[in-house]
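Everything below belongs to final.csv, which stores CSV, C-alpha atoms.
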```csv
chain,number,residue,atom,x,y,z
A,1,MET,CA,0.0,0.0,0.0
A,2,ASN,CA,1.3,3.5,-0.9
A,3,GLU,CA,2.4,6.0,1.7
A,4,GLU,CA,0.1,8.8,2.8
A,5,ASN,CA,-0.5,11.3,0.0
A,6,ASN,CA,0.0,15.0,0.9
A,7,LYS,CA,-1.8,16.3,-2.2
A,8,TRP,CA,-5.4,17.4,-2.2
A,9,LEU,CA,-7.9,15.3,-4.2
A,10,VAL,CA,-10.4,17.5,-5.9
A,11,VAL,CA,-13.7,15.7,-6.8
A,12,VAL,CA,-15.6,17.5,-9.4
A,13,ASN,CA,-19.3,16.9,-10.4
A,14,PRO,CA,-19.7,18.2,-13.9
A,15,LYS,CA,-23.4,17.8,-13.8
A,16,ALA,CA,-23.9,19.9,-10.6
A,17,SER,CA,-26.5,22.7,-11.1
A,18,ILE,CA,-27.5,21.3,-14.5
A,19,GLY,CA,-24.0,21.5,-16.0
A,20,LYS,CA,-22.6,24.5,-14.1
A,21,GLY,CA,-20.0,22.3,-12.6
A,22,GLU,CA,-18.6,21.4,-16.1
A,23,LYS,CA,-18.8,25.1,-17.2
A,24,ASP,CA,-17.1,26.5,-14.2
A,25,TRP,CA,-14.5,23.8,-13.5
A,26,PRO,CA,-11.8,25.4,-15.8
A,27,VAL,CA,-12.0,28.6,-13.9
A,28,ILE,CA,-11.9,26.8,-10.5
A,29,LYS,CA,-9.0,24.7,-11.7
A,30,ASP,CA,-7.0,27.8,-12.7
A,31,LEU,CA,-7.7,29.4,-9.4
A,32,LEU,CA,-6.6,26.3,-7.5
A,33,THR,CA,-3.4,26.2,-9.6
A,34,GLU,CA,-2.6,29.9,-9.1
A,35,SER,CA,-3.1,29.5,-5.3
A,36,GLY,CA,-0.2,27.1,-5.2
A,37,LEU,CA,-2.3,24.2,-4.0
A,38,ASP,CA,-0.8,20.8,-4.9
A,39,PHE,CA,-3.7,18.7,-6.1
A,40,ASP,CA,-5.0,16.0,-8.3
A,41,PHE,CA,-8.6,15.9,-9.7
A,42,VAL,CA,-11.2,13.4,-10.7
A,43,LEU,CA,-14.5,14.0,-12.5
A,44,THR,CA,-17.6,12.1,-11.5
A,45,GLU,CA,-19.5,10.3,-14.3
A,46,ARG,CA,-22.7,9.0,-12.7
A,47,TYR,CA,-24.8,9.0,-9.6
A,48,GLY,CA,-22.9,7.5,-6.6
A,49,HIS,CA,-19.5,7.8,-8.4
A,50,ALA,CA,-18.0,10.2,-5.9
A,51,ILE,CA,-18.5,7.7,-3.2
A,52,GLU,CA,-16.4,5.1,-5.1
A,53,LEU,CA,-13.8,7.7,-6.2
A,54,VAL,CA,-13.2,9.0,-2.7
A,55,ARG,CA,-13.2,5.6,-1.0
A,56,ASP,CA,-10.9,4.0,-3.5
A,57,SER,CA,-8.5,7.1,-3.7
A,58,ILE,CA,-8.1,7.1,0.1
A,59,THR,CA,-7.7,3.4,0.4
A,60,GLU,CA,-5.3,2.9,-2.6
A,61,LYS,CA,-3.5,6.2,-2.8
A,62,GLY,CA,-3.6,7.6,0.7
A,63,TYR,CA,-5.3,10.9,0.2
A,64,LYS,CA,-6.3,12.7,3.4
A,65,LYS,CA,-7.3,16.0,2.0
A,66,ILE,CA,-10.4,16.2,-0.2
A,67,VAL,CA,-12.1,19.1,-2.0
A,68,SER,CA,-15.7,18.6,-3.2
A,69,VAL,CA,-16.8,20.7,-6.2
A,70,GLY,CA,-20.5,20.4,-6.7
A,71,GLY,CA,-23.7,20.7,-4.7
A,72,ASP,CA,-25.0,19.3,-1.5
A,73,GLY,CA,-25.4,15.9,-3.1
A,74,THR,CA,-21.8,15.8,-4.2
A,75,ASN,CA,-20.7,16.8,-0.7
A,76,ASN,CA,-22.9,13.9,0.7
A,77,GLU,CA,-21.2,11.4,-1.6
A,78,VAL,CA,-17.8,12.6,-0.6
A,79,ILE,CA,-18.6,12.2,3.0
A,80,ASN,CA,-20.0,8.7,2.4
A,81,GLY,CA,-16.8,7.8,0.5
A,82,ILE,CA,-14.8,8.9,3.5
A,83,PHE,CA,-16.9,6.9,6.0
A,84,THR,CA,-16.9,3.7,4.0
A,85,GLN,CA,-13.1,3.5,3.7
A,86,ASN,CA,-11.1,1.8,6.5
A,87,ARG,CA,-7.6,3.1,5.9
A,88,PHE,CA,-7.7,6.2,8.0
A,89,PRO,CA,-9.9,7.4,10.9
A,90,SER,CA,-12.3,9.9,9.6
A,91,ASN,CA,-11.1,12.6,12.0
A,92,GLU,CA,-7.7,12.5,10.3
A,93,ILE,CA,-9.3,13.6,7.0
A,94,THR,CA,-9.9,17.2,6.0
A,95,VAL,CA,-12.6,18.3,3.6
A,96,GLY,CA,-13.0,21.6,1.7
A,97,ILE,CA,-16.1,22.5,-0.3
A,98,ILE,CA,-16.4,24.6,-3.4
A,99,PRO,CA,-20.2,25.0,-3.8
A,100,VAL,CA,-21.5,24.9,-7.4
A,101,GLY,CA,-25.0,23.4,-6.9
A,102,THR,CA,-28.3,25.1,-6.4
A,103,GLY,CA,-29.0,24.2,-2.7
A,104,ASN,CA,-25.7,24.9,-1.0
A,105,ASP,CA,-27.3,24.6,2.5
A,106,TRP,CA,-24.1,23.7,4.4
A,107,ARG,CA,-22.3,26.8,3.2
A,108,ARG,CA,-24.9,29.1,4.7
A,109,THR,CA,-24.2,28.0,8.3
A,110,PHE,CA,-20.6,29.0,7.9
A,111,ASN,CA,-21.0,32.0,5.6
A,112,ILE,CA,-18.8,30.4,2.9
A,113,PRO,CA,-18.2,33.2,0.4
A,114,GLU,CA,-19.8,33.0,-3.1
A,115,SER,CA,-16.8,34.0,-5.3
A,116,TYR,CA,-14.6,31.1,-6.4
A,117,GLN,CA,-11.5,33.2,-5.6
A,118,GLN,CA,-12.6,33.7,-2.1
A,119,ILE,CA,-13.5,30.1,-1.6
A,120,VAL,CA,-10.1,29.0,-2.9
A,121,ASP,CA,-8.5,31.4,-0.4
A,122,VAL,CA,-10.6,29.8,2.4
A,123,ILE,CA,-9.4,26.3,1.4
A,124,LYS,CA,-5.8,27.5,1.4
A,125,ASN,CA,-5.9,29.7,4.5
A,126,GLY,CA,-9.1,28.9,6.4
A,127,ARG,CA,-9.3,27.2,9.8
A,128,ILE,CA,-10.0,23.5,10.5
A,129,PHE,CA,-13.3,22.9,12.1
A,130,PRO,CA,-14.0,19.5,13.8
A,131,HIS,CA,-17.5,18.9,12.5
A,132,ASP,CA,-20.2,16.4,13.7
A,133,ILE,CA,-21.5,13.8,11.3
A,134,GLY,CA,-24.9,12.2,11.3
A,135,LYS,CA,-25.4,8.5,10.7
A,136,VAL,CA,-28.7,7.0,9.8
A,137,VAL,CA,-29.8,3.4,9.5
A,138,TYR,CA,-32.8,2.7,7.3
A,139,TYR,CA,-34.4,-0.2,5.6
A,140,ASN,CA,-34.5,-0.6,1.8
A,141,HIS,CA,-37.3,-3.1,1.3
A,142,GLY,CA,-36.2,-5.0,4.4
A,143,ASP,CA,-32.4,-4.7,3.8
A,144,THR,CA,-30.5,-2.7,6.4
A,145,LYS,CA,-28.7,0.3,4.9
A,146,VAL,CA,-26.5,3.0,6.3
A,147,ARG,CA,-26.0,6.6,5.2
A,148,TYR,CA,-23.8,9.4,6.6
A,149,PHE,CA,-24.6,13.1,6.3
A,150,LEU,CA,-22.8,16.4,7.0
A,151,ASN,CA,-25.6,18.9,7.2
A,152,ALA,CA,-29.2,17.7,7.5
A,153,ALA,CA,-31.8,15.1,6.7
A,154,GLY,CA,-35.6,15.4,6.4
A,155,THR,CA,-38.8,13.4,6.1
A,156,GLY,CA,-42.4,14.0,5.2
A,157,LEU,CA,-42.8,17.1,3.1
A,158,ASN,CA,-39.0,17.6,2.9
A,159,GLU,CA,-38.5,14.3,1.2
A,160,MET,CA,-41.4,14.8,-1.2
A,161,VAL,CA,-40.0,18.2,-2.3
A,162,CYS,CA,-36.6,16.6,-2.7
A,163,LYS,CA,-37.9,13.8,-4.9
A,164,ARG,CA,-39.8,16.1,-7.2
A,165,THR,CA,-36.9,18.5,-7.5
A,166,ASN,CA,-34.5,15.7,-8.4
A,167,ARG,CA,-37.0,14.6,-11.1
A,168,LEU,CA,-37.0,18.1,-12.5
A,169,LYS,CA,-33.2,18.3,-12.4
A,170,SER,CA,-33.0,15.0,-14.4
A,171,GLU,CA,-35.2,16.7,-17.0
A,172,GLY,CA,-32.9,19.8,-17.1
A,173,LYS,CA,-35.3,21.9,-15.2
A,174,GLY,CA,-33.4,22.9,-12.0
A,175,GLY,CA,-32.9,26.2,-10.4
A,176,ALA,CA,-34.1,28.1,-7.3
A,177,VAL,CA,-37.4,29.2,-8.9
A,178,ARG,CA,-38.4,25.7,-9.9
A,179,TYR,CA,-37.4,24.5,-6.3
A,180,MET,CA,-39.9,27.1,-4.9
A,181,LEU,CA,-42.6,25.9,-7.3
A,182,SER,CA,-41.9,22.3,-6.3
A,183,THR,CA,-42.3,23.3,-2.6
A,184,ALA,CA,-45.6,25.0,-3.3
A,185,PHE,CA,-46.9,22.0,-5.4
A,186,CYS,CA,-45.9,19.5,-2.7
A,187,LEU,CA,-47.3,21.7,0.1
A,188,PHE,CA,-50.8,21.4,-1.2
A,189,SER,CA,-50.7,17.8,-2.3
A,190,PHE,CA,-48.9,16.2,0.7
A,191,ASN,CA,-50.9,14.0,3.1
A,192,CYS,CA,-49.7,14.1,6.7
A,193,VAL,CA,-48.2,10.9,8.1
A,194,HIS,CA,-48.6,9.6,11.7
A,195,VAL,CA,-45.2,9.1,13.3
A,196,LYS,CA,-43.6,8.3,16.6
A,197,LEU,CA,-40.5,10.2,17.6
A,198,GLU,CA,-38.0,8.9,20.2
A,199,VAL,CA,-35.0,11.0,21.4
A,200,ASP,CA,-32.3,9.3,23.4
A,201,GLY,CA,-34.5,6.4,24.2
A,202,GLN,CA,-37.5,8.4,25.3
A,203,GLU,CA,-40.7,8.7,23.3
A,204,VAL,CA,-41.3,12.5,23.0
A,205,MET,CA,-44.1,12.6,20.4
A,206,GLU,CA,-46.7,10.6,18.5
A,207,ASP,CA,-48.8,12.6,16.1
A,208,ASP,CA,-49.5,13.5,12.5
A,209,ILE,CA,-46.6,15.4,11.0
A,210,LEU,CA,-46.1,17.6,8.0
A,211,SER,CA,-42.3,17.4,8.2
A,212,ILE,CA,-39.3,16.5,10.5
A,213,SER,CA,-35.9,18.0,9.9
A,214,ILE,CA,-32.8,16.6,11.7
A,215,GLY,CA,-29.5,18.4,11.4
A,216,ASN,CA,-26.1,19.6,12.3
A,217,GLY,CA,-26.5,22.8,10.2
A,218,LYS,CA,-29.1,25.4,10.4
A,219,TYR,CA,-30.4,25.2,6.8
A,220,ASN,CA,-32.1,22.6,4.7
A,221,GLY,CA,-34.2,22.6,1.5
A,222,GLY,CA,-32.4,25.3,-0.4
A,223,GLY,CA,-32.0,28.0,2.2
A,224,MET,CA,-34.8,27.3,4.7
A,225,MET,CA,-33.6,27.8,8.2
A,226,MET,CA,-35.2,24.6,9.5
A,227,MET,CA,-32.9,24.2,12.5
A,228,PRO,CA,-32.2,27.8,13.6
A,229,GLN,CA,-30.3,26.9,16.7
A,230,ALA,CA,-28.2,24.1,15.4
A,231,ILE,CA,-24.4,24.0,16.2
A,232,PRO,CA,-22.3,21.7,14.0
A,233,ASP,CA,-19.9,20.7,16.7
A,234,ASP,CA,-22.0,20.3,19.9
A,235,GLY,CA,-22.5,16.5,19.5
A,236,LEU,CA,-26.3,16.9,19.3
A,237,PHE,CA,-28.9,16.7,16.5
A,238,ASP,CA,-31.4,19.6,16.3
A,239,ILE,CA,-34.8,18.2,15.4
A,240,THR,CA,-37.6,20.4,14.1
A,241,VAL,CA,-41.1,18.8,13.9
A,242,VAL,CA,-43.9,20.5,12.0
A,243,LYS,CA,-47.1,18.8,13.1
A,244,LYS,CA,-50.3,18.8,11.0
A,245,VAL,CA,-51.0,22.4,10.2
A,246,GLY,CA,-53.3,24.1,7.7
A,247,MET,CA,-51.7,24.5,4.3
A,248,LEU,CA,-52.7,28.1,4.0
A,249,LYS,CA,-51.3,28.9,7.4
A,250,PHE,CA,-48.0,27.2,6.6
A,251,ALA,CA,-47.8,28.9,3.2
A,252,ALA,CA,-48.4,32.3,4.9
A,253,ASN,CA,-45.4,31.7,7.1
A,254,ILE,CA,-42.9,30.8,4.3
A,255,LYS,CA,-40.9,34.0,4.8
A,256,HIS,CA,-40.5,33.0,8.5
A,257,ILE,CA,-39.1,29.6,7.4
A,258,TYR,CA,-36.3,31.3,5.6
A,259,ASP,CA,-35.2,33.3,8.6
A,260,GLY,CA,-35.9,30.7,11.2
A,261,SER,CA,-38.6,32.6,13.1
A,262,PHE,CA,-41.3,30.1,12.1
A,263,VAL,CA,-40.4,28.2,15.3
A,264,ASP,CA,-42.1,31.0,17.2
A,265,THR,CA,-44.9,32.0,14.7
A,266,ILE,CA,-46.3,28.5,14.1
A,267,LYS,CA,-47.6,26.9,17.2
A,268,GLU,CA,-47.6,23.4,15.6
A,269,VAL,CA,-43.7,23.4,15.6
A,270,SER,CA,-41.8,21.5,18.3
A,271,LEU,CA,-38.0,21.4,18.8
A,272,PHE,CA,-35.9,18.7,20.3
A,273,ARG,CA,-32.2,17.9,20.7
A,274,GLY,CA,-30.4,14.6,21.2
A,275,LYS,CA,-27.7,12.2,20.2
A,276,LYS,CA,-29.9,9.3,19.1
A,277,ILE,CA,-33.1,9.7,17.2
A,278,ARG,CA,-35.7,7.1,16.1
A,279,ILE,CA,-38.6,7.9,13.7
A,280,THR,CA,-41.3,5.3,13.1
A,281,SER,CA,-44.3,5.7,10.9
A,282,ILE,CA,-47.6,4.2,11.8
A,283,PRO,CA,-48.5,2.1,9.9
A,284,ALA,CA,-44.8,1.0,9.4
A,285,HIS,CA,-42.7,1.7,6.3
A,286,GLN,CA,-44.7,4.7,5.1
A,287,LEU,CA,-42.0,7.3,5.4
A,288,LEU,CA,-39.1,8.1,3.1
A,289,LEU,CA,-36.1,10.2,4.0
A,290,GLU,CA,-33.9,12.6,2.2
A,291,THR,CA,-30.3,13.3,3.2
A,292,GLU,CA,-28.8,16.3,1.3
A,293,GLY,CA,-30.7,15.5,-1.9
A,294,GLU,CA,-30.6,11.7,-1.6
A,295,THR,CA,-33.9,9.9,-1.2
A,296,LEU,CA,-33.7,6.8,1.1
A,297,THR,CA,-36.3,4.1,1.7
A,298,ASN,CA,-37.8,3.5,4.2
A,299,SER,CA,-38.7,3.9,7.9
A,300,PRO,CA,-38.0,3.2,10.7
A,301,PHE,CA,-35.0,5.6,10.7
A,302,ASP,CA,-32.4,5.3,13.4
A,303,PHE,CA,-30.0,8.3,13.7
A,304,GLU,CA,-26.8,8.4,15.6
A,305,MET,CA,-24.5,11.4,16.1
A,306,LEU,CA,-20.8,11.0,15.5
A,307,PRO,CA,-19.2,13.9,17.3
A,308,LYS,CA,-16.4,15.9,15.6
A,309,ALA,CA,-15.9,13.0,13.2
A,310,ILE,CA,-14.5,15.0,10.2
A,311,ASN,CA,-12.4,18.1,9.7
A,312,MET,CA,-14.0,20.8,7.5
A,313,VAL,CA,-12.2,23.9,6.2
A,314,VAL,CA,-14.1,27.1,7.0
A,315,PRO,CA,-13.4,30.8,6.9
A,316,GLY,CA,-10.9,31.9,9.5
A,317,GLY,CA,-13.2,34.3,11.2
A,318,THR,CA,-16.3,32.1,11.3
A,319,GLU,CA,-17.8,31.3,14.6
A,320,ASN,CA,-20.2,28.4,14.9
A,321,GLY,CA,-22.8,30.5,16.7
A,322,GLU,CA,-24.3,30.6,20.2
A,323,ARG,CA,-27.4,28.6,21.2
A,324,LYS,CA,-30.1,30.7,22.9
A,325,THR,CA,-31.1,27.9,25.2
A,326,GLU,CA,-29.4,26.0,28.0
A,327,ASN,CA,-28.0,22.5,27.3
A,328,GLY,CA,-30.7,19.8,27.2
A,329,GLU,CA,-34.0,19.4,25.3
A,330,ARG,CA,-35.7,22.5,24.0
A,331,ARG,CA,-39.3,22.2,22.8
A,332,THR,CA,-42.0,24.5,21.7
A,333,GLU,CA,-45.1,23.4,23.5
A,334,ASN,CA,-48.5,23.6,21.7
```

What would you get if you wrote out this structure as structure tokens?
Amino acid sequence: MNEENNKWLVVVNPKASIGKGEKDWPVIKDLLTESGLDFDFVLTERYGHAIELVRDSITEKGYKKIVSVGGDGTNNEVINGIFTQNRFPSNEITVGIIPVGTGNDWRRTFNIPESYQQIVDVIKNGRIFPHDIGKVVYYNHGDTKVRYFLNAAGTGLNEMVCKRTNRLKSEGKGGAVRYMLSTAFCLFSFNCVHVKLEVDGQEVMEDDILSISIGNGKYNGGGMMMMPQAIPDDGLFDITVVKKVGMLKFAANIKHIYDGSFVDTIKEVSLFRGKKIRITSIPAHQLLLETEGETLTNSPFDFEMLPKAINMVVPGGTENGERKTENGERRTEN
């Protein structure tokens, strides 16, 4: 087996943001070269390819520094490649992200700049942030499966919007406007599902839900601040439950969802925190899950927090925020 590789491995998704990855890659490549970064690069060719490329490159060539060029889905595949290799402990691996996709939810929590030049400067000069990673066990037609995620996961309405948006992307119809239209369409066609939620072994809720969001980061769904008090290195998931609520009422609060104030303006919202989460639908197997744009089948879902399990490169002056509540569970009572 080769020695540890000190180069960066840059994983590029040419199809990110309906071909923006391919169009912008020459510019990004030149900026990386001009910055003096020593790197190799690979281009993904299909769905799931980044997982294979990262896993094999770490295992066979010893890379410990990875840059993801793409959207949230590309980042998710890079993370899963890291966590399915067994050569190095995950907390010895460093990841930088150059956002190209349409969602870019992880970048919002850390105020990652928008210009490629500034992002390359962050990768070269930014600080290392030990970041929590979520792990979820789910059941694909009875077979146990595992997925890891950096930022957030969601079920109910979240997953329905994700699935519809992915279908539009496959037809070359992506973009923020179409995402908003997908959200509106799904909002008025989604049927609430009855679920049981357990946090750290305690049942905290059984009710009809519109959506459940679970995350390390504050944002999900293309800029919605679904977990407004989340901190990516506190060793806890933030869970936001939106119970059955009138569609018109929910739609009227859309602007509050983007700034996080909906947790106070919609009484049907409850917040929880914990290290281990279990979501069960009643009847069983009625829920699907999305993790950073990836649809997973099906419930029950068992989440486990992996504290400070990966090193992320973030801007030097970025703080991870302050939680407004004391440690322990926080919940909005109805």

task = Go ahead and compute the interatomic distance for atom CA of A:Asp264 and atom CA of A:Met247, in Å to one decimal.
result =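 Atom-to-atom, atom CA of A:Asp264 to atom CA of A:Met247, that is 17.3 Å.
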
query = So which one's closest to A:Leu157, A:Ile133, A:Leu288, A:Val204, A:Ile98? Using all atoms listed in the file, please.
reply = A:Leu288

Residues within 10 Å of (-26.7, 4.6, 13.1), file coords, only C-alpha atoms, listed as a count of residues only = 18

Distance in Å - atom CA of A:Val245 versus atom CA of A:Ile257 =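 Interatomic distance here is 14.2 Å.
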
inquiry  = So that I can check the surroundings of A:His141, please list as a list of chain:residue names every protein, DNA and RNA residue that reaches within 10 Å of it, counting all atoms listed in the file and ignoring chain neighbours fewer than 6 positions away.
reply    =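 After dropping sequence-adjacent residues, the list is A:His285, A:Thr297, A:Asn298, A:Ser299.
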
Long-range neighbours of A:Phe83 as a list in words, 10 Å cut-off, all atoms listed in the file, 2 positions minimum in chain = Ile51, Val54, Arg55, Glu77, Val78, Ile79, Asn80, Gly81, Gln85, Asn86, Phe88, Pro89, Ser90, Ile133, Lys135, Arg147, Tyr148, Phe149, Ala309 and Ile310 of chain A

key: Selected residue of minimal separation from A:Pro26 among A:Gly274, A:Met312, A:Phe41, A:Lys218, counting all atoms listed in the file   =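 Under the stated criterion, the closest residue is A:Phe41.
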
ask   = What is the distance between atom CA of A:Lys243 and atom CA of A:Leu210, in Å to one decimal?
value =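 Those two atoms sit 5.3 Å apart.
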
Expected residue set, 10 Å radius at (-16.0, 15.0, -11.9), all atoms listed in the file, as a ChimeraX atom specification = /A:10-16,21-22,25,41-46,49-50,53,68-70,74
